[in-house]
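In what follows, a single structure is set out as structure tokens and then discussed.
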Amino acid sequence: MSPFSSARWLAIWLCALFLVNPASAHEIRPAALELTEQADGNVAVIWKQPVLSGRKLRMRPILPAQCAPPDQTSQEFTGTATIESWQTACRLDQGEIRIEGLEQTLTDVFVRLHFADGREQTRLLRPASTAFSLNATGGNSPASAYLRIGAEHMLFGWDHLLFVLGLLLLTPVRKILWVISAFTAGHSLTLAITALGLFRLPSAPVELLIALSIFFLAVEVVRKQVGKTSLSIRQPWMVAAGFGLLHGLGFAGALADIGLPKGQEIWALLLFNLGVEIGQILFVAAVLSGYWLISRLPLDQQKWLARPALYLVGAMGAYFTMTRIFI
């Protein structure tokens, strides 16, 4: 296969990667199951799961066999998740807790157990591990799982990845580290403020503004290519920091779905943010490595690399913006 054909197929593959059901990127938002033993022998159950494109994932918690079916449940819709709660006559000393349908998703489920004697236990269930025994000792650290969730939210969040790709297209190579650091500082600040409950915005306008930020970057790249200038072109770090504040609100949405473990809020928040940074570094390294490899080939980099990437950022930015306005 010629270098030209290889580059063409690489561009097509990258476009297909982003276009295959972009809404599924948000499926990695975790669900949460909380069980609290009470003095009267009942267990209070709270089941919270993300909503994707207006529908719930097809999964539900299966409690131990000795747990009586609830007489009634209450449901609440927050816009990004559904919260279902009920009481059941139950004990948390034997049997198995399982999440039915989890194996068919891309998400994780945090399970928190609050025992009547004051003990607490946290488990992290995944598509490859959908159940655990109440007879088993131990459990996952309440905070440690947040590192993986943060990395996944970045690596599978096409909107965040597209924004970083737009920054790479707008920024001279010598300034990339500074610009990415400014983006990190921006989203870290609002992530911490929002996750700790100091400030919060509704998710719908945040998601819309994130989509607009992607499209804005594509427009600025085009302006730069035709010889025009602006504050964004001259000082891309300022745009990165400003929109980073906005993207931090988006990252905080993932934490809002599960909350922070009591007594370990700061530790969990730091791990989640570190996970986001690991995902971001991996993506930037992959893009720069791909750019370096293709630059070794005897072909027009503008035609075969920069232009398809720009079309991708602009088209998907416009697509995300339209879907978040009308859907």
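Starting from 1 in every chain, residues are counted up; chains themselves are A, B, ... following the order of the structure tokens, and ligands are numbered from 1 as listed.
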
Got a sec to tell me which of region 45-224 of chain A DSSP assigns to alpha helix (DSSP H), as a CSV table (one decimal) with all heavy atoms, in the first residue's frame?
chain,number,residue,atom,x,y,z
A,145,ALA,N,-11.0,4.0,43.1
A,145,ALA,CA,-11.6,3.8,41.8
A,145,ALA,C,-11.8,5.1,41.0
A,145,ALA,O,-12.0,5.0,39.8
A,145,ALA,CB,-13.0,3.1,42.0
A,146,TYR,N,-11.7,6.2,41.6
A,146,TYR,CA,-11.9,7.5,40.9
A,146,TYR,C,-10.8,7.8,39.9
A,146,TYR,O,-11.0,8.6,39.0
A,146,TYR,CB,-12.0,8.6,42.0
A,146,TYR,CG,-13.4,8.6,42.7
A,146,TYR,CD1,-13.6,7.7,43.7
A,146,TYR,CD2,-14.3,9.6,42.4
A,146,TYR,CE1,-14.8,7.7,44.3
A,146,TYR,CE2,-15.6,9.6,43.0
A,146,TYR,CZ,-15.8,8.6,44.0
A,146,TYR,OH,-17.0,8.6,44.7
A,147,LEU,N,-9.6,7.2,40.1
A,147,LEU,CA,-8.6,7.4,39.1
A,147,LEU,C,-9.0,6.9,37.8
A,147,LEU,O,-8.8,7.5,36.7
A,147,LEU,CB,-7.3,6.7,39.6
A,147,LEU,CG,-6.1,6.8,38.7
A,147,LEU,CD1,-5.6,8.3,38.7
A,147,LEU,CD2,-5.0,5.9,39.2
A,148,ARG,N,-9.5,5.6,37.8
A,148,ARG,CA,-9.9,5.0,36.5
A,148,ARG,C,-11.1,5.7,35.9
A,148,ARG,O,-11.1,5.9,34.7
A,148,ARG,CB,-10.3,3.5,36.8
A,148,ARG,CG,-10.8,2.8,35.6
A,148,ARG,CD,-10.9,1.3,36.0
A,148,ARG,NE,-11.4,0.5,34.8
A,148,ARG,CZ,-12.7,0.2,34.6
A,148,ARG,NH1,-13.6,0.6,35.4
A,148,ARG,NH2,-13.0,-0.5,33.6
A,149,ILE,N,-12.1,6.2,36.7
A,149,ILE,CA,-13.2,6.9,36.2
A,149,ILE,C,-12.8,8.2,35.5
A,149,ILE,O,-13.3,8.5,34.5
A,149,ILE,CB,-14.2,7.2,37.3
A,149,ILE,CG1,-14.8,5.8,37.9
A,149,ILE,CG2,-15.4,8.1,36.8
A,149,ILE,CD1,-15.6,5.1,36.9
A,150,GLY,N,-11.8,8.9,36.1
A,150,GLY,CA,-11.4,10.2,35.5
A,150,GLY,C,-10.7,9.9,34.2
A,150,GLY,O,-10.9,10.7,33.2
A,151,ALA,N,-9.8,8.9,34.1
A,151,ALA,CA,-9.1,8.6,32.9
A,151,ALA,C,-10.1,8.2,31.8
A,151,ALA,O,-10.0,8.7,30.6
A,151,ALA,CB,-8.1,7.5,33.1
A,152,GLU,N,-11.1,7.4,32.1
A,152,GLU,CA,-12.1,7.0,31.2
A,152,GLU,C,-13.0,8.1,30.7
A,152,GLU,O,-13.3,8.2,29.5
A,152,GLU,CB,-13.0,5.9,31.8
A,152,GLU,CG,-12.3,4.5,31.9
A,152,GLU,CD,-13.2,3.5,32.4
A,152,GLU,OE1,-14.2,3.8,33.0
A,152,GLU,OE2,-12.9,2.3,32.3
A,153,HIS,N,-13.3,9.0,31.6
A,153,HIS,CA,-14.2,10.1,31.2
A,153,HIS,C,-13.5,11.0,30.2
A,153,HIS,O,-14.1,11.6,29.3
A,153,HIS,CB,-14.5,11.0,32.5
A,153,HIS,CG,-15.6,12.0,32.2
A,153,HIS,ND1,-16.9,11.6,32.0
A,153,HIS,CD2,-15.6,13.3,32.0
A,153,HIS,CE1,-17.7,12.6,31.8
A,153,HIS,NE2,-16.9,13.7,31.8
A,154,MET,N,-12.1,11.1,30.3
A,154,MET,CA,-11.4,11.9,29.3
A,154,MET,C,-11.2,11.2,28.0
A,154,MET,O,-11.5,11.7,26.9
A,154,MET,CB,-10.0,12.3,29.9
A,154,MET,CG,-9.2,13.2,29.0
A,154,MET,SD,-9.9,14.8,28.9
A,154,MET,CE,-9.1,15.5,27.4
A,155,LEU,N,-10.8,9.9,28.1
A,155,LEU,CA,-10.4,9.1,26.9
A,155,LEU,C,-11.7,8.8,26.1
A,155,LEU,O,-11.6,8.6,24.9
A,155,LEU,CB,-9.7,7.9,27.3
A,155,LEU,CG,-8.2,8.1,27.8
A,155,LEU,CD1,-7.6,6.8,28.3
A,155,LEU,CD2,-7.4,8.7,26.6
A,158,TRP,N,-15.7,12.2,23.8
A,158,TRP,CA,-15.3,12.8,22.5
A,158,TRP,C,-15.3,14.3,22.4
A,158,TRP,O,-14.5,14.9,21.8
A,158,TRP,CB,-16.2,12.3,21.4
A,158,TRP,CG,-16.3,10.8,21.2
A,158,TRP,CD1,-17.4,10.0,21.2
A,158,TRP,CD2,-15.2,9.9,21.1
A,158,TRP,NE1,-17.1,8.7,21.1
A,158,TRP,CE2,-15.8,8.6,21.0
A,158,TRP,CE3,-13.8,10.0,21.0
A,158,TRP,CZ2,-15.0,7.4,20.8
A,158,TRP,CZ3,-13.0,8.9,20.9
A,158,TRP,CH2,-13.6,7.6,20.8
A,159,ASP,N,-16.2,14.9,23.2
A,159,ASP,CA,-16.2,16.4,23.2
A,159,ASP,C,-15.0,17.0,23.8
A,159,ASP,O,-14.4,17.9,23.3
A,159,ASP,CB,-17.5,16.9,23.9
A,159,ASP,CG,-17.8,16.2,25.2
A,159,ASP,OD1,-17.0,15.3,25.6
A,159,ASP,OD2,-18.9,16.5,25.8
A,160,HIS,N,-14.5,16.4,24.9
A,160,HIS,CA,-13.3,16.9,25.5
A,160,HIS,C,-12.1,16.6,24.6
A,160,HIS,O,-11.2,17.5,24.5
A,160,HIS,CB,-13.1,16.3,26.9
A,160,HIS,CG,-14.2,16.5,27.8
A,160,HIS,ND1,-14.6,17.8,28.2
A,160,HIS,CD2,-15.0,15.6,28.5
A,160,HIS,CE1,-15.6,17.7,29.0
A,160,HIS,NE2,-15.9,16.4,29.2
A,161,LEU,N,-12.0,15.5,24.0
A,161,LEU,CA,-10.9,15.1,23.1
A,161,LEU,C,-10.9,16.0,21.9
A,161,LEU,O,-9.8,16.5,21.4
A,161,LEU,CB,-11.0,13.7,22.7
A,161,LEU,CG,-10.8,12.6,23.7
A,161,LEU,CD1,-10.9,11.2,23.1
A,161,LEU,CD2,-9.5,12.8,24.5
A,162,LEU,N,-12.0,16.3,21.3
A,162,LEU,CA,-12.1,17.2,20.2
A,162,LEU,C,-11.6,18.6,20.5
A,162,LEU,O,-10.9,19.3,19.7
A,162,LEU,CB,-13.5,17.3,19.6
A,162,LEU,CG,-14.0,16.1,18.9
A,162,LEU,CD1,-15.5,16.1,18.7
A,162,LEU,CD2,-13.3,16.0,17.5
A,163,PHE,N,-11.9,19.1,21.7
A,163,PHE,CA,-11.4,20.4,22.1
A,163,PHE,C,-9.9,20.4,22.2
A,163,PHE,O,-9.2,21.3,21.8
A,163,PHE,CB,-12.0,20.8,23.5
A,163,PHE,CG,-11.6,22.2,23.9
A,163,PHE,CD1,-12.3,23.3,23.4
A,163,PHE,CD2,-10.6,22.4,24.8
A,163,PHE,CE1,-11.9,24.6,23.8
A,163,PHE,CE2,-10.2,23.6,25.2
A,163,PHE,CZ,-10.9,24.7,24.7
A,164,VAL,N,-9.3,19.4,22.8
A,164,VAL,CA,-7.9,19.3,23.0
A,164,VAL,C,-7.2,19.2,21.6
A,164,VAL,O,-6.2,19.8,21.3
A,164,VAL,CB,-7.5,18.1,23.8
A,164,VAL,CG1,-5.9,17.9,23.8
A,164,VAL,CG2,-7.9,18.3,25.3
A,165,LEU,N,-7.9,18.4,20.7
A,165,LEU,CA,-7.4,18.4,19.3
A,165,LEU,C,-7.4,19.7,18.6
A,165,LEU,O,-6.5,20.1,17.9
A,165,LEU,CB,-8.2,17.3,18.5
A,165,LEU,CG,-7.8,17.1,17.0
A,165,LEU,CD1,-6.4,16.7,16.9
A,165,LEU,CD2,-8.7,16.1,16.3
A,166,GLY,N,-8.5,20.5,18.9
A,166,GLY,CA,-8.6,21.8,18.3
A,166,GLY,C,-7.5,22.7,18.9
A,166,GLY,O,-6.9,23.5,18.1
A,167,LEU,N,-7.1,22.6,20.2
A,167,LEU,CA,-6.0,23.4,20.7
A,167,LEU,C,-4.7,23.0,20.0
A,167,LEU,O,-3.9,23.9,19.8
A,167,LEU,CB,-5.9,23.1,22.2
A,167,LEU,CG,-7.0,23.7,23.1
A,167,LEU,CD1,-6.7,23.3,24.6
A,167,LEU,CD2,-7.0,25.2,23.0
A,168,LEU,N,-4.5,21.7,19.8
A,168,LEU,CA,-3.3,21.3,19.1
A,168,LEU,C,-3.2,21.9,17.7
A,168,LEU,O,-2.1,22.2,17.2
A,168,LEU,CB,-3.2,19.8,19.1
A,168,LEU,CG,-3.1,19.1,20.4
A,168,LEU,CD1,-3.1,17.6,20.2
A,168,LEU,CD2,-1.9,19.5,21.2
A,169,LEU,N,-4.3,22.0,17.0
A,169,LEU,CA,-4.3,22.6,15.6
A,169,LEU,C,-4.1,24.1,15.7
A,169,LEU,O,-3.5,24.6,14.8
A,169,LEU,CB,-5.7,22.3,15.0
A,169,LEU,CG,-6.0,20.8,14.6
A,169,LEU,CD1,-7.4,20.7,14.1
A,169,LEU,CD2,-5.0,20.3,13.5
A,170,LEU,N,-4.5,24.7,16.7
A,170,LEU,CA,-4.4,26.2,16.8
A,170,LEU,C,-3.0,26.6,17.3
A,170,LEU,O,-2.6,27.8,17.1
A,170,LEU,CB,-5.5,26.7,17.8
A,170,LEU,CG,-5.6,28.3,17.9
A,170,LEU,CD1,-6.0,28.9,16.6
A,170,LEU,CD2,-6.6,28.6,19.0
A,176,ILE,N,2.7,24.2,22.9
A,176,ILE,CA,1.7,23.2,23.2
A,176,ILE,C,1.7,22.9,24.7
A,176,ILE,O,0.7,22.9,25.3
A,176,ILE,CB,2.0,21.9,22.4
A,176,ILE,CG1,1.5,22.2,20.9
A,176,ILE,CG2,1.2,20.8,23.0
A,176,ILE,CD1,1.7,21.0,20.0
A,177,LEU,N,2.9,22.7,25.3
A,177,LEU,CA,2.9,22.4,26.7
A,177,LEU,C,2.3,23.5,27.6
A,177,LEU,O,1.5,23.2,28.5
A,177,LEU,CB,4.4,22.1,27.1
A,177,LEU,CG,4.6,21.8,28.6
A,177,LEU,CD1,3.9,20.5,28.9
A,177,LEU,CD2,6.1,21.6,28.9
A,178,TRP,N,2.6,24.7,27.3
A,178,TRP,CA,2.0,25.8,28.0
A,178,TRP,C,0.5,25.9,27.9
A,178,TRP,O,-0.2,26.1,28.8
A,178,TRP,CB,2.7,27.1,27.5
A,178,TRP,CG,2.1,28.4,28.1
A,178,TRP,CD1,1.6,29.4,27.4
A,178,TRP,CD2,2.0,28.8,29.5
A,178,TRP,NE1,1.2,30.4,28.2
A,178,TRP,CE2,1.4,30.1,29.5
A,178,TRP,CE3,2.3,28.1,30.7
A,178,TRP,CZ2,1.2,30.7,30.7
A,178,TRP,CZ3,2.1,28.8,31.9
A,178,TRP,CH2,1.5,30.1,31.9
A,179,VAL,N,0.0,25.7,26.6
A,179,VAL,CA,-1.4,25.8,26.4
A,179,VAL,C,-2.2,24.6,27.1
A,179,VAL,O,-3.2,24.8,27.7
A,179,VAL,CB,-1.7,25.8,24.9
A,179,VAL,CG1,-3.2,25.6,24.6
A,179,VAL,CG2,-1.2,27.1,24.3
A,180,ILE,N,-1.6,23.4,27.0
A,180,ILE,CA,-2.3,22.3,27.6
A,180,ILE,C,-2.3,22.5,29.1
A,180,ILE,O,-3.2,22.1,29.8
A,180,ILE,CB,-1.6,21.0,27.2
A,180,ILE,CG1,-1.8,20.7,25.7
A,180,ILE,CG2,-2.1,19.8,28.0
A,180,ILE,CD1,-3.2,20.6,25.3
A,181,SER,N,-1.2,23.0,29.7
A,181,SER,CA,-1.1,23.3,31.1
A,181,SER,C,-2.2,24.3,31.5
A,181,SER,O,-2.8,24.2,32.6
A,181,SER,CB,0.3,23.8,31.5
A,181,SER,OG,1.2,22.8,31.2
A,182,ALA,N,-2.4,25.3,30.7
A,182,ALA,CA,-3.5,26.3,31.0
A,182,ALA,C,-4.8,25.7,31.0
A,182,ALA,O,-5.7,26.0,31.8
A,182,ALA,CB,-3.4,27.4,30.0
A,183,PHE,N,-5.1,24.8,30.0
A,183,PHE,CA,-6.4,24.0,30.0
A,183,PHE,C,-6.5,23.2,31.3
A,183,PHE,O,-7.6,23.2,31.9
A,183,PHE,CB,-6.4,23.2,28.7
A,183,PHE,CG,-7.7,22.3,28.6
A,183,PHE,CD1,-8.9,22.9,28.5
A,183,PHE,CD2,-7.6,21.0,28.6
A,183,PHE,CE1,-10.1,22.2,28.4
A,183,PHE,CE2,-8.8,20.2,28.5
A,183,PHE,CZ,-10.0,20.8,28.4
A,184,THR,N,-5.5,22.5,31.7
A,184,THR,CA,-5.5,21.7,32.9
A,184,THR,C,-5.8,22.6,34.1
A,184,THR,O,-6.6,22.2,35.0
A,184,THR,CB,-4.1,21.0,33.1
A,184,THR,OG1,-3.9,20.1,32.1
A,184,THR,CG2,-4.1,20.3,34.4
A,185,ALA,N,-5.2,23.7,34.2
A,185,ALA,CA,-5.4,24.6,35.4
A,185,ALA,C,-6.9,25.1,35.4
A,185,ALA,O,-7.5,25.1,36.5
A,185,ALA,CB,-4.5,25.8,35.3
A,186,GLY,N,-7.4,25.4,34.2
A,186,GLY,CA,-8.8,25.9,34.2
A,186,GLY,C,-9.8,24.8,34.6
A,186,GLY,O,-10.6,25.0,35.5
A,187,HIS,N,-9.7,23.6,34.0
A,187,HIS,CA,-10.7,22.6,34.3
A,187,HIS,C,-10.5,22.0,35.7
A,187,HIS,O,-11.4,21.6,36.4
A,187,HIS,CB,-10.8,21.5,33.3
A,187,HIS,CG,-9.7,20.5,33.2
A,187,HIS,ND1,-9.3,19.7,34.2
A,187,HIS,CD2,-8.8,20.3,32.2
A,187,HIS,CE1,-8.3,18.9,33.8
A,187,HIS,NE2,-7.9,19.3,32.6
A,188,SER,N,-9.2,22.0,36.2
A,188,SER,CA,-9.0,21.5,37.6
A,188,SER,C,-9.7,22.5,38.6
A,188,SER,O,-10.2,22.0,39.6
A,188,SER,CB,-7.5,21.5,37.9
A,188,SER,OG,-6.9,20.6,37.0
A,189,LEU,N,-9.6,23.8,38.4
A,189,LEU,CA,-10.2,24.7,39.3
A,189,LEU,C,-11.7,24.5,39.4
A,189,LEU,O,-12.3,24.4,40.5
A,189,LEU,CB,-9.9,26.1,38.9
A,189,LEU,CG,-10.5,27.3,39.7
A,189,LEU,CD1,-10.0,27.2,41.1
A,189,LEU,CD2,-10.2,28.6,39.1
A,190,THR,N,-12.4,24.6,38.3
A,190,THR,CA,-13.9,24.4,38.4
A,190,THR,C,-14.3,23.0,38.8
A,190,THR,O,-15.4,22.8,39.4
A,190,THR,CB,-14.6,24.8,37.0
A,190,THR,OG1,-13.9,24.2,35.9
A,190,THR,CG2,-14.5,26.3,36.8
A,191,LEU,N,-13.5,22.0,38.4
A,191,LEU,CA,-13.9,20.7,38.8
A,191,LEU,C,-13.9,20.6,40.4
A,191,LEU,O,-14.8,20.0,41.0
A,191,LEU,CB,-12.8,19.7,38.3
A,191,LEU,CG,-12.9,18.2,38.8
A,191,LEU,CD1,-14.3,17.6,38.5
A,191,LEU,CD2,-11.8,17.4,38.2
A,192,ALA,N,-12.9,21.2,41.0
A,192,ALA,CA,-12.8,21.1,42.5
A,192,ALA,C,-13.9,21.9,43.1
A,192,ALA,O,-14.6,21.5,44.0
A,192,ALA,CB,-11.4,21.7,42.9
A,193,ILE,N,-14.1,23.1,42.6
A,193,ILE,CA,-15.2,24.0,43.1
A,193,ILE,C,-16.6,23.4,43.0
A,193,ILE,O,-17.4,23.4,44.0
A,193,ILE,CB,-15.2,25.4,42.4
A,193,ILE,CG1,-13.9,26.1,42.8
A,193,ILE,CG2,-16.4,26.2,42.8
A,193,ILE,CD1,-13.7,27.4,42.0
A,194,THR,N,-16.8,22.8,41.9
A,194,THR,CA,-18.2,22.2,41.7
A,194,THR,C,-18.3,20.8,42.4
A,194,THR,O,-19.4,20.6,43.0
A,194,THR,CB,-18.4,21.9,40.1
A,194,THR,OG1,-18.1,23.1,39.4
A,194,THR,CG2,-19.8,21.5,39.9
A,195,ALA,N,-17.3,20.0,42.4
A,195,ALA,CA,-17.4,18.7,43.0
A,195,ALA,C,-17.6,18.8,44.5
A,195,ALA,O,-18.2,18.0,45.2
A,195,ALA,CB,-16.2,17.9,42.7
A,203,SER,N,-26.6,21.0,33.8
A,203,SER,CA,-25.8,20.3,32.9
A,203,SER,C,-26.1,20.6,31.4
A,203,SER,O,-25.2,20.7,30.6
A,203,SER,CB,-26.0,18.7,33.0
A,203,SER,OG,-27.3,18.3,32.8
A,204,ALA,N,-27.4,20.9,31.1
A,204,ALA,CA,-27.7,21.2,29.7
A,204,ALA,C,-27.0,22.4,29.1
A,204,ALA,O,-26.3,22.3,28.0
A,204,ALA,CB,-29.2,21.4,29.6
A,205,PRO,N,-27.0,23.6,29.7
A,205,PRO,CA,-26.2,24.7,29.2
A,205,PRO,C,-24.7,24.4,29.2
A,205,PRO,O,-24.0,24.9,28.3
A,205,PRO,CB,-26.6,25.9,30.1
A,205,PRO,CG,-27.1,25.3,31.3
A,205,PRO,CD,-27.8,24.0,30.9
A,206,VAL,N,-24.2,23.7,30.2
A,206,VAL,CA,-22.8,23.4,30.2
A,206,VAL,C,-22.4,22.6,29.0
A,206,VAL,O,-21.4,22.8,28.3
A,206,VAL,CB,-22.4,22.7,31.5
A,206,VAL,CG1,-21.0,22.1,31.4
A,206,VAL,CG2,-22.5,23.6,32.7
A,207,GLU,N,-23.2,21.5,28.7
A,207,GLU,CA,-22.9,20.6,27.6
A,207,GLU,C,-23.0,21.4,26.2
A,207,GLU,O,-22.2,21.2,25.3
A,207,GLU,CB,-23.9,19.5,27.5
A,207,GLU,CG,-23.7,18.5,28.7
A,207,GLU,CD,-22.4,17.7,28.7
A,207,GLU,OE1,-21.9,17.6,27.6
A,207,GLU,OE2,-22.0,17.2,29.7
A,208,LEU,N,-23.9,22.3,26.1
A,208,LEU,CA,-24.1,23.1,24.9
A,208,LEU,C,-22.9,24.1,24.7
A,208,LEU,O,-22.3,24.2,23.6
A,208,LEU,CB,-25.3,24.0,25.0
A,208,LEU,CG,-25.6,25.0,23.9
A,208,LEU,CD1,-25.6,24.3,22.5
A,208,LEU,CD2,-26.8,25.8,24.1
A,209,LEU,N,-22.4,24.7,25.8
A,209,LEU,CA,-21.3,25.6,25.7
A,209,LEU,C,-20.0,24.9,25.4
A,209,LEU,O,-19.1,25.4,24.7
A,209,LEU,CB,-21.1,26.4,27.0
A,209,LEU,CG,-22.2,27.4,27.3
A,209,LEU,CD1,-22.1,28.0,28.7
A,209,LEU,CD2,-22.2,28.5,26.2
A,210,ILE,N,-19.9,23.7,25.9
A,210,ILE,CA,-18.7,22.8,25.6
A,210,ILE,C,-18.7,22.6,24.1
A,210,ILE,O,-17.6,22.6,23.4
A,210,ILE,CB,-18.7,21.5,26.4
A,210,ILE,CG1,-18.3,21.8,27.9
A,210,ILE,CG2,-17.7,20.5,25.8
A,210,ILE,CD1,-18.4,20.6,28.8
A,211,ALA,N,-19.8,22.2,23.5
A,211,ALA,CA,-19.9,22.0,22.1
A,211,ALA,C,-19.6,23.2,21.3
A,211,ALA,O,-18.9,23.2,20.3
A,211,ALA,CB,-21.3,21.5,21.7
A,212,LEU,N,-20.1,24.4,21.7
A,212,LEU,CA,-19.8,25.6,21.1
A,212,LEU,C,-18.3,26.0,21.1
A,212,LEU,O,-17.7,26.5,20.2
A,212,LEU,CB,-20.6,26.8,21.7
A,212,LEU,CG,-22.1,26.8,21.3
A,212,LEU,CD1,-22.8,27.8,22.1
A,212,LEU,CD2,-22.2,27.1,19.8
A,213,SER,N,-17.6,25.6,22.2
A,213,SER,CA,-16.2,25.8,22.4
A,213,SER,C,-15.4,25.1,21.3
A,213,SER,O,-14.4,25.5,20.8
A,213,SER,CB,-15.7,25.5,23.8
A,213,SER,OG,-15.7,24.1,24.0
A,214,ILE,N,-15.9,23.9,21.0
A,214,ILE,CA,-15.2,23.1,20.0
A,214,ILE,C,-15.3,23.7,18.6
A,214,ILE,O,-14.3,23.9,17.9
A,214,ILE,CB,-15.8,21.6,20.0
A,214,ILE,CG1,-15.6,20.9,21.3
A,214,ILE,CG2,-15.2,20.8,18.8
A,214,ILE,CD1,-16.4,19.7,21.5
A,215,PHE,N,-16.5,24.1,18.3
A,215,PHE,CA,-16.8,24.8,17.0
A,215,PHE,C,-16.0,26.1,16.9
A,215,PHE,O,-15.5,26.5,15.9
A,215,PHE,CB,-18.3,25.0,16.8
A,215,PHE,CG,-18.6,25.6,15.5
A,215,PHE,CD1,-18.6,24.8,14.3
A,215,PHE,CD2,-19.0,26.9,15.3
A,215,PHE,CE1,-18.9,25.3,13.1
A,215,PHE,CE2,-19.4,27.4,14.1
A,215,PHE,CZ,-19.3,26.6,13.0
A,216,PHE,N,-16.0,26.8,18.0
A,216,PHE,CA,-15.2,28.1,18.1
A,216,PHE,C,-13.7,27.9,17.7
A,216,PHE,O,-13.1,28.7,16.9
A,216,PHE,CB,-15.3,28.7,19.4
A,216,PHE,CG,-14.4,29.9,19.7
A,216,PHE,CD1,-14.8,31.2,19.2
A,216,PHE,CD2,-13.2,29.8,20.3
A,216,PHE,CE1,-14.0,32.3,19.4
A,216,PHE,CE2,-12.4,30.9,20.5
A,216,PHE,CZ,-12.8,32.1,20.1
A,217,LEU,N,-13.1,26.8,18.3
A,217,LEU,CA,-11.7,26.6,18.0
A,217,LEU,C,-11.5,26.3,16.5
A,217,LEU,O,-10.6,26.7,15.9
A,217,LEU,CB,-11.2,25.4,18.8
A,217,LEU,CG,-10.8,25.6,20.2
A,217,LEU,CD1,-10.3,24.4,20.9
A,217,LEU,CD2,-9.8,26.8,20.3
A,218,ALA,N,-12.5,25.5,15.9
A,218,ALA,CA,-12.3,25.2,14.4
A,218,ALA,C,-12.4,26.5,13.6
A,218,ALA,O,-11.6,26.7,12.7
A,218,ALA,CB,-13.5,24.3,14.0
A,219,VAL,N,-13.3,27.4,14.0
A,219,VAL,CA,-13.3,28.7,13.3
A,219,VAL,C,-12.0,29.5,13.4
A,219,VAL,O,-11.5,30.1,12.4
A,219,VAL,CB,-14.5,29.5,13.8
A,219,VAL,CG1,-14.5,30.9,13.2
A,219,VAL,CG2,-15.9,28.8,13.5
A,220,GLU,N,-11.5,29.5,14.6
A,220,GLU,CA,-10.2,30.2,14.8
A,220,GLU,C,-9.1,29.6,14.1
A,220,GLU,O,-8.2,30.3,13.6
A,220,GLU,CB,-9.9,30.2,16.3
A,220,GLU,CG,-10.8,31.1,17.2
A,220,GLU,CD,-10.8,32.5,16.7
A,220,GLU,OE1,-9.8,33.2,17.1
A,220,GLU,OE2,-11.7,33.0,16.0
A,221,VAL,N,-9.0,28.3,13.9
A,221,VAL,CA,-8.0,27.6,13.1
A,221,VAL,C,-8.1,28.1,11.7
A,221,VAL,O,-7.1,28.3,11.0
A,221,VAL,CB,-8.1,26.1,13.3
A,221,VAL,CG1,-7.1,25.4,12.3
A,221,VAL,CG2,-7.8,25.6,14.7
A,222,VAL,N,-9.3,28.1,11.2
A,222,VAL,CA,-9.5,28.6,9.8
A,222,VAL,C,-9.1,30.0,9.6
A,222,VAL,O,-8.4,30.4,8.6
A,222,VAL,CB,-11.0,28.4,9.4
A,222,VAL,CG1,-11.2,29.1,8.0
A,222,VAL,CG2,-11.4,26.9,9.3
A,223,ARG,N,-9.4,30.9,10.6
A,223,ARG,CA,-9.0,32.3,10.5
A,223,ARG,C,-7.5,32.4,10.5
A,223,ARG,O,-6.9,33.2,9.8
A,223,ARG,CB,-9.6,33.0,11.7
A,223,ARG,CG,-11.1,33.3,11.6
A,223,ARG,CD,-11.6,33.8,12.9
A,223,ARG,NE,-10.9,34.9,13.4
A,223,ARG,CZ,-11.1,36.2,13.1
A,223,ARG,NH1,-12.0,36.5,12.2
A,223,ARG,NH2,-10.4,37.2,13.6
A,224,LYS,N,-6.8,31.5,11.3
A,224,LYS,CA,-5.4,31.6,11.3
A,224,LYS,C,-4.8,31.1,10.0
A,224,LYS,O,-3.8,31.7,9.5
A,224,LYS,CB,-4.9,30.6,12.5
A,224,LYS,CG,-3.3,30.6,12.6
A,224,LYS,CD,-2.9,29.6,13.7
A,224,LYS,CE,-1.4,29.6,13.8
A,224,LYS,NZ,-1.0,28.7,14.9

Write out as a ChimeraX atom specification all residues of region 113-270 of chain A that backbone DSSP assigns to strand (DSSP E or B). /A:113-114,120-126,129,131-133

What would the file look like if the residues just selected were written as a tab-separated table (two decimals), in the first residue's frame with N, CA and C atoms?
chain	number	residue	atom	x	y	z
A	113	LEU	N	-22.04	0.18	50.99
A	113	LEU	CA	-22.78	-0.52	52.04
A	113	LEU	C	-22.54	0.19	53.36
A	114	HIS	N	-23.63	0.58	54.02
A	114	HIS	CA	-23.56	1.19	55.35
A	114	HIS	C	-24.23	0.23	56.32
A	120	GLU	N	-18.56	0.52	57.06
A	120	GLU	CA	-18.86	0.87	55.67
A	120	GLU	C	-17.99	0.05	54.74
A	121	GLN	N	-18.53	-0.23	53.57
A	121	GLN	CA	-17.78	-0.99	52.56
A	121	GLN	C	-18.15	-0.45	51.18
A	122	THR	N	-17.16	-0.37	50.33
A	122	THR	CA	-17.38	0.11	48.97
A	122	THR	C	-16.87	-0.92	47.98
A	123	ARG	N	-17.65	-1.17	46.96
A	123	ARG	CA	-17.27	-2.07	45.88
A	123	ARG	C	-17.41	-1.35	44.55
A	124	LEU	N	-16.58	-1.72	43.60
A	124	LEU	CA	-16.69	-1.20	42.24
A	124	LEU	C	-16.98	-2.37	41.31
A	125	LEU	N	-18.16	-2.36	40.70
A	125	LEU	CA	-18.55	-3.41	39.76
A	125	LEU	C	-18.37	-2.89	38.34
A	126	ARG	N	-17.90	-3.77	37.47
A	126	ARG	CA	-17.60	-3.42	36.08
A	126	ARG	C	-18.30	-4.42	35.16
A	129	SER	N	-17.12	-7.75	35.81
A	129	SER	CA	-17.29	-8.23	37.19
A	129	SER	C	-18.55	-7.59	37.74
A	131	ALA	N	-20.91	-8.76	39.98
A	131	ALA	CA	-21.50	-9.17	41.26
A	131	ALA	C	-20.41	-9.37	42.30
A	132	PHE	N	-20.83	-9.38	43.56
A	132	PHE	CA	-19.92	-9.72	44.66
A	132	PHE	C	-20.72	-10.35	45.78
A	133	SER	N	-20.04	-11.14	46.60
A	133	SER	CA	-20.67	-11.83	47.71
A	133	SER	C	-20.58	-11.01	48.98
